[in-house]
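Chemist: I am attaching a structure below and will ask some questions about it afterwards.
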Amino acid sequence: AHWSLGISTALAPFDHAFMLRAFGVGALVAAVCAVLSCFLVLRGWSLLGDALAHAVLPGVVLAYLFALPLGLGAFASGLLCTCLLYTSD
């Protein structure tokens, strides 16, 4: 009796259609990320996304200081960092 209460409580969210869709989308995203991450590790680009994420921050700060759209500053900073990364080789 104790087990059935725990199982029914654990499975209760799946009684709703939106939770089933969310679970399906989550499974799809997990599968795509798993394949993509293996590809990136094999190519040696595993930390490139992390580096670009940190490189975007100064652009956001500068855009805030000059009252520009934050997305514009992030894009400009990320683009500059990407260009510098690929021209340094």
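Just remember, in the structure tokens the first chain shown is A, the second B, etc., residues are 1-based per chain, and ligands are 1-based in the order shown.
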Among the residues of chain A, find those DSSP assigns to alpha helix (DSSP H) from the backbone and print them as an MDAnalysis selection string.
Modeler: chainID A and resid 2:11 17:43 48:65 70:87
Chemist: Let me make sure I understand: among A:Ala10, A:Ala27, A:Ala22, A:Leu52, which one has the smallest atom-to-atom distance to Phe75 of chain A if we use only C-alpha atoms?
Modeler: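 Ranking A:Ala10, A:Ala27, A:Ala22, A:Leu52 by distance to Phe75 of chain A, first place goes to A:Leu52.
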Chemist: Could you name the residues that touch Gly59 of chain A at 6 Å or less, counting only C-alpha atoms, but leaving out those on the same chain fewer than 6 positions away, as a PyMOL selection string?
Modeler: chain A and resi 73-74+77
Chemist: Could you turn the residues from that selection into a file that holds all heavy atoms, as a PDB file, in the first residue's frame?
Modeler:
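Contents of the output file selection.pdb:
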```
ATOM      1  N   GLY A  73      24.622  44.645 -28.020  1.00  0.00           N
ATOM      2  CA  GLY A  73      25.939  44.560 -27.395  1.00  0.00           C
ATOM      3  C   GLY A  73      26.428  43.128 -27.300  1.00  0.00           C
ATOM      4  O   GLY A  73      27.606  42.848 -27.550  1.00  0.00           O
ATOM      5  N   ALA A  74      25.520  42.208 -26.956  1.00  0.00           N
ATOM      6  CA  ALA A  74      25.894  40.795 -26.858  1.00  0.00           C
ATOM      7  C   ALA A  74      26.300  40.257 -28.222  1.00  0.00           C
ATOM      8  O   ALA A  74      27.300  39.544 -28.353  1.00  0.00           O
ATOM      9  CB  ALA A  74      24.734  39.990 -26.282  1.00  0.00           C
ATOM     10  N   SER A  77      29.724  41.821 -29.326  1.00  0.00           N
ATOM     11  CA  SER A  77      30.834  41.264 -28.562  1.00  0.00           C
ATOM     12  C   SER A  77      31.099  39.808 -28.947  1.00  0.00           C
ATOM     13  O   SER A  77      32.249  39.385 -29.084  1.00  0.00           O
ATOM     14  CB  SER A  77      30.521  41.376 -27.071  1.00  0.00           C
ATOM     15  OG  SER A  77      31.570  40.865 -26.313  1.00  0.00           O
TER      16      SER A  77
END
```
Chemist: To one decimal place, how far is atom CA of Ala51 of chain A from atom CA of Gly78 of chain A in Å?
Modeler: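 Pair atom CA of Ala51 of chain A / atom CA of Gly78 of chain A returns 9.6 Å.
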Chemist: Can you work out the spacing between atom CA of Leu57 of chain A and atom CA of Cys81 of chain A in Å, to one decimal?
Modeler: 11.2 Å
Chemist: Tell me which of A:Val41, A:Ala55, A:Ala31, A:Ile7 sits closest to Leu85 of chain A, counting only C-alpha atoms.
Modeler: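 Looking at the shortest contact to Leu85 of chain A, the residue is A:Ala55.
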